[in-house]
Amino acid sequence: MQQTTIHIDGMSCGHCVGRVQKALTGLEGVKVKNVSVGSATVEYDESRISPAQLDAAIDAAIDAAGYTVRRADAARA
């Protein structure tokens with residue numbers, strides 16, 4: 001399992017955290033570790049989802065929840 005932290009613009013409260021948590025929970029091959037205002041940390045299984053597929057899936061899920069991924073600051077661990 002690999003881990004990545006996603007920086008998210010537009011979050012400001014606990015409701016935002018819940019929306020992002022729900023959006024990320026539905027992604028195949030992804031386990032949500034932590035969501036807080038402005039960021040989320042997930043683990044992913046590279047045998048089930050590639051880093052490029054993960055980025056696309058996260059972008060789509062976060063966008064659908066009403067927020068924006070800030071890629072310039074994202075860091076893979």
# chains A, B, ... in the order shown; residues from 1 in each chain; ligands from 1

call {"tool": "select_by_dssp", "arguments": {"residues": "chain A", "states": "alpha helix (DSSP H)", "output": "short mmCIF file (atom, residue, chain, number, x, y, z; two decimals) with all heavy atoms, in the first residue's frame"}}
result
data_model
loop_
_atom_site.label_atom_id
_atom_site.label_comp_id
_atom_site.auth_asym_id
_atom_site.auth_seq_id
_atom_site.Cartn_x
_atom_site.Cartn_y
_atom_site.Cartn_z
N GLY A 14 -16.72 21.13 9.29
CA GLY A 14 -16.94 19.69 9.48
C GLY A 14 -17.83 19.08 8.41
O GLY A 14 -17.64 17.92 8.03
N HIS A 15 -18.78 19.85 7.91
CA HIS A 15 -19.65 19.36 6.83
C HIS A 15 -18.80 19.06 5.59
O HIS A 15 -19.00 18.05 4.92
CB HIS A 15 -20.73 20.40 6.52
CG HIS A 15 -21.61 20.01 5.37
ND1 HIS A 15 -22.56 19.03 5.47
CD2 HIS A 15 -21.65 20.47 4.10
CE1 HIS A 15 -23.16 18.90 4.29
NE2 HIS A 15 -22.62 19.77 3.45
N CYS A 16 -17.85 19.94 5.30
CA CYS A 16 -16.94 19.75 4.17
C CYS A 16 -16.14 18.46 4.35
O CYS A 16 -15.98 17.68 3.40
CB CYS A 16 -15.98 20.93 4.04
SG CYS A 16 -16.76 22.52 3.72
N VAL A 17 -15.65 18.24 5.54
CA VAL A 17 -14.88 17.04 5.84
C VAL A 17 -15.73 15.80 5.55
O VAL A 17 -15.26 14.85 4.92
CB VAL A 17 -14.40 17.05 7.31
CG1 VAL A 17 -13.83 15.70 7.72
CG2 VAL A 17 -13.36 18.15 7.52
N GLY A 18 -16.97 15.81 5.97
CA GLY A 18 -17.87 14.68 5.74
C GLY A 18 -18.13 14.42 4.27
O GLY A 18 -18.15 13.27 3.82
N ARG A 19 -18.30 15.49 3.50
CA ARG A 19 -18.53 15.34 2.06
C ARG A 19 -17.32 14.74 1.36
O ARG A 19 -17.44 13.85 0.51
CB ARG A 19 -18.88 16.68 1.43
CG ARG A 19 -20.28 17.15 1.79
CD ARG A 19 -20.58 18.44 1.09
NE ARG A 19 -20.55 18.19 -0.36
CZ ARG A 19 -21.39 18.71 -1.22
NH1 ARG A 19 -22.32 19.53 -0.81
NH2 ARG A 19 -21.28 18.45 -2.50
N VAL A 20 -16.14 15.21 1.72
CA VAL A 20 -14.91 14.69 1.11
C VAL A 20 -14.69 13.24 1.53
O VAL A 20 -14.34 12.39 0.71
CB VAL A 20 -13.70 15.58 1.45
CG1 VAL A 20 -12.40 14.90 1.06
CG2 VAL A 20 -13.83 16.93 0.75
N GLN A 21 -14.90 12.93 2.80
CA GLN A 21 -14.77 11.56 3.31
C GLN A 21 -15.67 10.62 2.50
O GLN A 21 -15.24 9.57 2.03
CB GLN A 21 -15.14 11.51 4.79
CG GLN A 21 -15.20 10.12 5.39
CD GLN A 21 -13.91 9.69 6.02
OE1 GLN A 21 -13.14 10.53 6.47
NE2 GLN A 21 -13.68 8.40 6.07
N LYS A 22 -16.90 11.02 2.33
CA LYS A 22 -17.86 10.20 1.59
C LYS A 22 -17.43 10.03 0.13
O LYS A 22 -17.51 8.93 -0.42
CB LYS A 22 -19.25 10.82 1.66
CG LYS A 22 -20.32 10.01 0.99
CD LYS A 22 -21.68 10.65 1.17
CE LYS A 22 -22.74 9.82 0.46
NZ LYS A 22 -24.07 10.42 0.59
N ALA A 23 -16.97 11.10 -0.49
CA ALA A 23 -16.55 11.04 -1.90
C ALA A 23 -15.37 10.10 -2.09
O ALA A 23 -15.33 9.32 -3.05
CB ALA A 23 -16.19 12.44 -2.38
N LEU A 24 -14.40 10.15 -1.19
CA LEU A 24 -13.19 9.32 -1.32
C LEU A 24 -13.44 7.87 -0.93
O LEU A 24 -12.77 6.97 -1.45
CB LEU A 24 -12.06 9.91 -0.50
CG LEU A 24 -11.54 11.27 -0.95
CD1 LEU A 24 -10.50 11.80 0.03
CD2 LEU A 24 -10.98 11.21 -2.36
N THR A 25 -14.36 7.63 -0.02
CA THR A 25 -14.64 6.28 0.46
C THR A 25 -15.11 5.37 -0.67
O THR A 25 -14.84 4.18 -0.66
CB THR A 25 -15.67 6.31 1.60
OG1 THR A 25 -15.10 7.05 2.69
CG2 THR A 25 -16.03 4.93 2.09
N PRO A 51 -0.97 5.26 -9.97
CA PRO A 51 -0.96 6.65 -9.50
C PRO A 51 -1.71 7.61 -10.44
O PRO A 51 -2.43 8.49 -9.97
CB PRO A 51 0.53 6.99 -9.42
CG PRO A 51 1.18 5.67 -9.11
CD PRO A 51 0.38 4.68 -9.94
N ALA A 52 -1.59 7.41 -11.74
CA ALA A 52 -2.31 8.27 -12.69
C ALA A 52 -3.82 8.07 -12.59
O ALA A 52 -4.59 9.03 -12.61
CB ALA A 52 -1.84 8.00 -14.12
N GLN A 53 -4.25 6.81 -12.46
CA GLN A 53 -5.68 6.53 -12.29
C GLN A 53 -6.18 7.09 -10.97
O GLN A 53 -7.29 7.60 -10.89
CB GLN A 53 -5.93 5.02 -12.34
CG GLN A 53 -5.73 4.39 -13.69
CD GLN A 53 -5.76 2.87 -13.61
OE1 GLN A 53 -5.25 2.27 -12.65
NE2 GLN A 53 -6.35 2.25 -14.62
N LEU A 54 -5.35 6.99 -9.93
CA LEU A 54 -5.71 7.52 -8.62
C LEU A 54 -5.93 9.03 -8.70
O LEU A 54 -6.93 9.54 -8.21
CB LEU A 54 -4.62 7.20 -7.60
CG LEU A 54 -4.84 7.79 -6.21
CD1 LEU A 54 -5.99 7.09 -5.51
CD2 LEU A 54 -3.57 7.68 -5.39
N ASP A 55 -4.98 9.73 -9.33
CA ASP A 55 -5.11 11.18 -9.47
C ASP A 55 -6.40 11.56 -10.17
O ASP A 55 -7.13 12.46 -9.75
CB ASP A 55 -3.91 11.77 -10.21
CG ASP A 55 -2.64 11.79 -9.39
OD1 ASP A 55 -2.71 11.59 -8.15
OD2 ASP A 55 -1.57 12.00 -9.98
N ALA A 56 -6.71 10.87 -11.28
CA ALA A 56 -7.93 11.15 -12.03
C ALA A 56 -9.18 10.87 -11.21
O ALA A 56 -10.13 11.66 -11.20
CB ALA A 56 -7.95 10.35 -13.33
N ALA A 57 -9.18 9.74 -10.48
CA ALA A 57 -10.33 9.37 -9.66
C ALA A 57 -10.54 10.36 -8.51
O ALA A 57 -11.67 10.77 -8.21
CB ALA A 57 -10.16 7.96 -9.12
N ILE A 58 -9.44 10.76 -7.88
CA ILE A 58 -9.53 11.73 -6.78
C ILE A 58 -10.01 13.07 -7.30
O ILE A 58 -10.90 13.69 -6.70
CB ILE A 58 -8.18 11.86 -6.06
CG1 ILE A 58 -7.93 10.61 -5.21
CG2 ILE A 58 -8.13 13.12 -5.20
CD1 ILE A 58 -6.55 10.54 -4.58
N ASP A 59 -9.45 13.53 -8.42
CA ASP A 59 -9.90 14.80 -9.01
C ASP A 59 -11.41 14.78 -9.25
O ASP A 59 -12.11 15.73 -8.91
CB ASP A 59 -9.17 15.09 -10.31
CG ASP A 59 -7.74 15.57 -10.12
OD1 ASP A 59 -7.37 15.94 -8.98
OD2 ASP A 59 -7.00 15.56 -11.11
N ALA A 60 -11.89 13.71 -9.86
CA ALA A 60 -13.32 13.59 -10.18
C ALA A 60 -14.18 13.55 -8.92
O ALA A 60 -15.21 14.22 -8.84
CB ALA A 60 -13.56 12.36 -11.04
N ALA A 61 -13.76 12.78 -7.93
CA ALA A 61 -14.54 12.65 -6.69
C ALA A 61 -14.59 13.96 -5.91
O ALA A 61 -15.65 14.36 -5.43
CB ALA A 61 -13.95 11.54 -5.82
N ILE A 62 -13.45 14.62 -5.80
CA ILE A 62 -13.39 15.89 -5.06
C ILE A 62 -14.18 16.96 -5.79
O ILE A 62 -14.92 17.74 -5.18
CB ILE A 62 -11.92 16.33 -4.84
CG1 ILE A 62 -11.18 15.30 -3.99
CG2 ILE A 62 -11.84 17.72 -4.23
CD1 ILE A 62 -11.70 15.10 -2.60
N ASP A 63 -14.05 17.00 -7.12
CA ASP A 63 -14.81 17.96 -7.92
C ASP A 63 -16.32 17.73 -7.77
O ASP A 63 -17.08 18.68 -7.59
CB ASP A 63 -14.40 17.86 -9.39
CG ASP A 63 -15.07 18.91 -10.25
OD1 ASP A 63 -14.89 20.11 -9.98
OD2 ASP A 63 -15.79 18.52 -11.21
N ALA A 64 -16.75 16.47 -7.82
CA ALA A 64 -18.17 16.14 -7.66
C ALA A 64 -18.69 16.54 -6.29
O ALA A 64 -19.87 16.88 -6.14
CB ALA A 64 -18.40 14.65 -7.91
N ALA A 65 -17.81 16.53 -5.29
CA ALA A 65 -18.21 16.93 -3.93
C ALA A 65 -18.24 18.45 -3.78
O ALA A 65 -18.71 18.97 -2.77
CB ALA A 65 -17.25 16.32 -2.90
#

call {"tool": "residues_around", "arguments": {"residues": "Thr68 in chain A", "least_positions_apart": "6", "cutoff": "9 Å", "atoms": "only C-alpha atoms", "output": "number ranges by chain"}}
result
A: 7-11, 59, 62

call {"tool": "closest_residue", "arguments": {"among": "A:Thr4, A:Cys13, A:Arg71, A:Gly66", "to": "Ala40 in chain A", "atoms": "only C-alpha atoms"}}
result
A:Thr4

call {"tool": "atom_distance", "arguments": {"atom1": "CA of Gly29 in chain A", "atom2": "CA of Ser12 in chain A"}}
result
27.3 Å

call {"tool": "atom_distance", "arguments": {"atom1": "CA of Ser50 in chain A", "atom2": "CA of Gly38 in chain A"}}
result
23.9 Å

call {"tool": "select_by_dssp", "arguments": {"residues": "chain A", "states": "strand (DSSP E or B)", "output": "PyMOL selection string"}}
result
chain A and resi 2-9+30-36+39-44+68-69+75-76

call {"tool": "closest_residue", "arguments": {"among": "A:Ile6, A:Arg48, A:Met1, A:Arg70", "to": "Leu27 in chain A", "atoms": "only C-alpha atoms"}}
result
A:Arg48

call {"tool": "decode", "arguments": {"residues": "range 48-64 of chain A", "atoms": "all heavy atoms", "output": "short mmCIF file (atom, residue, chain, number, x, y, z; two decimals), in the first residue's frame"}}
result
data_model
loop_
_atom_site.label_atom_id
_atom_site.label_comp_id
_atom_site.auth_asym_id
_atom_site.auth_seq_id
_atom_site.Cartn_x
_atom_site.Cartn_y
_atom_site.Cartn_z
N ARG A 48 -4.18 -2.42 -7.82
CA ARG A 48 -5.57 -2.19 -8.20
C ARG A 48 -5.78 -0.86 -8.90
O ARG A 48 -6.74 -0.72 -9.67
CB ARG A 48 -6.47 -2.28 -6.98
CG ARG A 48 -6.46 -3.67 -6.36
CD ARG A 48 -7.27 -3.75 -5.11
NE ARG A 48 -8.69 -3.58 -5.41
CZ ARG A 48 -9.60 -3.36 -4.47
NH1 ARG A 48 -9.24 -3.26 -3.22
NH2 ARG A 48 -10.85 -3.22 -4.79
N ILE A 49 -4.92 0.13 -8.62
CA ILE A 49 -5.08 1.46 -9.20
C ILE A 49 -3.70 2.11 -9.33
O ILE A 49 -2.94 2.13 -8.36
CB ILE A 49 -6.06 2.32 -8.37
CG1 ILE A 49 -6.36 3.64 -9.08
CG2 ILE A 49 -5.57 2.53 -6.95
CD1 ILE A 49 -7.55 4.39 -8.47
N SER A 50 -3.39 2.59 -10.53
CA SER A 50 -2.10 3.24 -10.75
C SER A 50 -2.13 4.67 -10.20
O SER A 50 -3.22 5.22 -9.99
CB SER A 50 -1.78 3.28 -12.25
OG SER A 50 -2.60 4.24 -12.90
N PRO A 51 -0.97 5.26 -9.97
CA PRO A 51 -0.96 6.65 -9.50
C PRO A 51 -1.71 7.61 -10.44
O PRO A 51 -2.43 8.49 -9.97
CB PRO A 51 0.53 6.99 -9.42
CG PRO A 51 1.18 5.67 -9.11
CD PRO A 51 0.38 4.68 -9.94
N ALA A 52 -1.59 7.41 -11.74
CA ALA A 52 -2.31 8.27 -12.69
C ALA A 52 -3.82 8.07 -12.59
O ALA A 52 -4.59 9.03 -12.61
CB ALA A 52 -1.84 8.00 -14.12
N GLN A 53 -4.25 6.81 -12.46
CA GLN A 53 -5.68 6.53 -12.29
C GLN A 53 -6.18 7.09 -10.97
O GLN A 53 -7.29 7.60 -10.89
CB GLN A 53 -5.93 5.02 -12.34
CG GLN A 53 -5.73 4.39 -13.69
CD GLN A 53 -5.76 2.87 -13.61
OE1 GLN A 53 -5.25 2.27 -12.65
NE2 GLN A 53 -6.35 2.25 -14.62
N LEU A 54 -5.35 6.99 -9.93
CA LEU A 54 -5.71 7.52 -8.62
C LEU A 54 -5.93 9.03 -8.70
O LEU A 54 -6.93 9.54 -8.21
CB LEU A 54 -4.62 7.20 -7.60
CG LEU A 54 -4.84 7.79 -6.21
CD1 LEU A 54 -5.99 7.09 -5.51
CD2 LEU A 54 -3.57 7.68 -5.39
N ASP A 55 -4.98 9.73 -9.33
CA ASP A 55 -5.11 11.18 -9.47
C ASP A 55 -6.40 11.56 -10.17
O ASP A 55 -7.13 12.46 -9.75
CB ASP A 55 -3.91 11.77 -10.21
CG ASP A 55 -2.64 11.79 -9.39
OD1 ASP A 55 -2.71 11.59 -8.15
OD2 ASP A 55 -1.57 12.00 -9.98
N ALA A 56 -6.71 10.87 -11.28
CA ALA A 56 -7.93 11.15 -12.03
C ALA A 56 -9.18 10.87 -11.21
O ALA A 56 -10.13 11.66 -11.20
CB ALA A 56 -7.95 10.35 -13.33
N ALA A 57 -9.18 9.74 -10.48
CA ALA A 57 -10.33 9.37 -9.66
C ALA A 57 -10.54 10.36 -8.51
O ALA A 57 -11.67 10.77 -8.21
CB ALA A 57 -10.16 7.96 -9.12
N ILE A 58 -9.44 10.76 -7.88
CA ILE A 58 -9.53 11.73 -6.78
C ILE A 58 -10.01 13.07 -7.30
O ILE A 58 -10.90 13.69 -6.70
CB ILE A 58 -8.18 11.86 -6.06
CG1 ILE A 58 -7.93 10.61 -5.21
CG2 ILE A 58 -8.13 13.12 -5.20
CD1 ILE A 58 -6.55 10.54 -4.58
N ASP A 59 -9.45 13.53 -8.42
CA ASP A 59 -9.90 14.80 -9.01
C ASP A 59 -11.41 14.78 -9.25
O ASP A 59 -12.11 15.73 -8.91
CB ASP A 59 -9.17 15.09 -10.31
CG ASP A 59 -7.74 15.57 -10.12
OD1 ASP A 59 -7.37 15.94 -8.98
OD2 ASP A 59 -7.00 15.56 -11.11
N ALA A 60 -11.89 13.71 -9.86
CA ALA A 60 -13.32 13.59 -10.18
C ALA A 60 -14.18 13.55 -8.92
O ALA A 60 -15.21 14.22 -8.84
CB ALA A 60 -13.56 12.36 -11.04
N ALA A 61 -13.76 12.78 -7.93
CA ALA A 61 -14.54 12.65 -6.69
C ALA A 61 -14.59 13.96 -5.91
O ALA A 61 -15.65 14.36 -5.43
CB ALA A 61 -13.95 11.54 -5.82
N ILE A 62 -13.45 14.62 -5.80
CA ILE A 62 -13.39 15.89 -5.06
C ILE A 62 -14.18 16.96 -5.79
O ILE A 62 -14.92 17.74 -5.18
CB ILE A 62 -11.92 16.33 -4.84
CG1 ILE A 62 -11.18 15.30 -3.99
CG2 ILE A 62 -11.84 17.72 -4.23
CD1 ILE A 62 -11.70 15.10 -2.60
N ASP A 63 -14.05 17.00 -7.12
CA ASP A 63 -14.81 17.96 -7.92
C ASP A 63 -16.32 17.73 -7.77
O ASP A 63 -17.08 18.68 -7.59
CB ASP A 63 -14.40 17.86 -9.39
CG ASP A 63 -15.07 18.91 -10.25
OD1 ASP A 63 -14.89 20.11 -9.98
OD2 ASP A 63 -15.79 18.52 -11.21
N ALA A 64 -16.75 16.47 -7.82
CA ALA A 64 -18.17 16.14 -7.66
C ALA A 64 -18.69 16.54 -6.29
O ALA A 64 -19.87 16.88 -6.14
CB ALA A 64 -18.40 14.65 -7.91
#
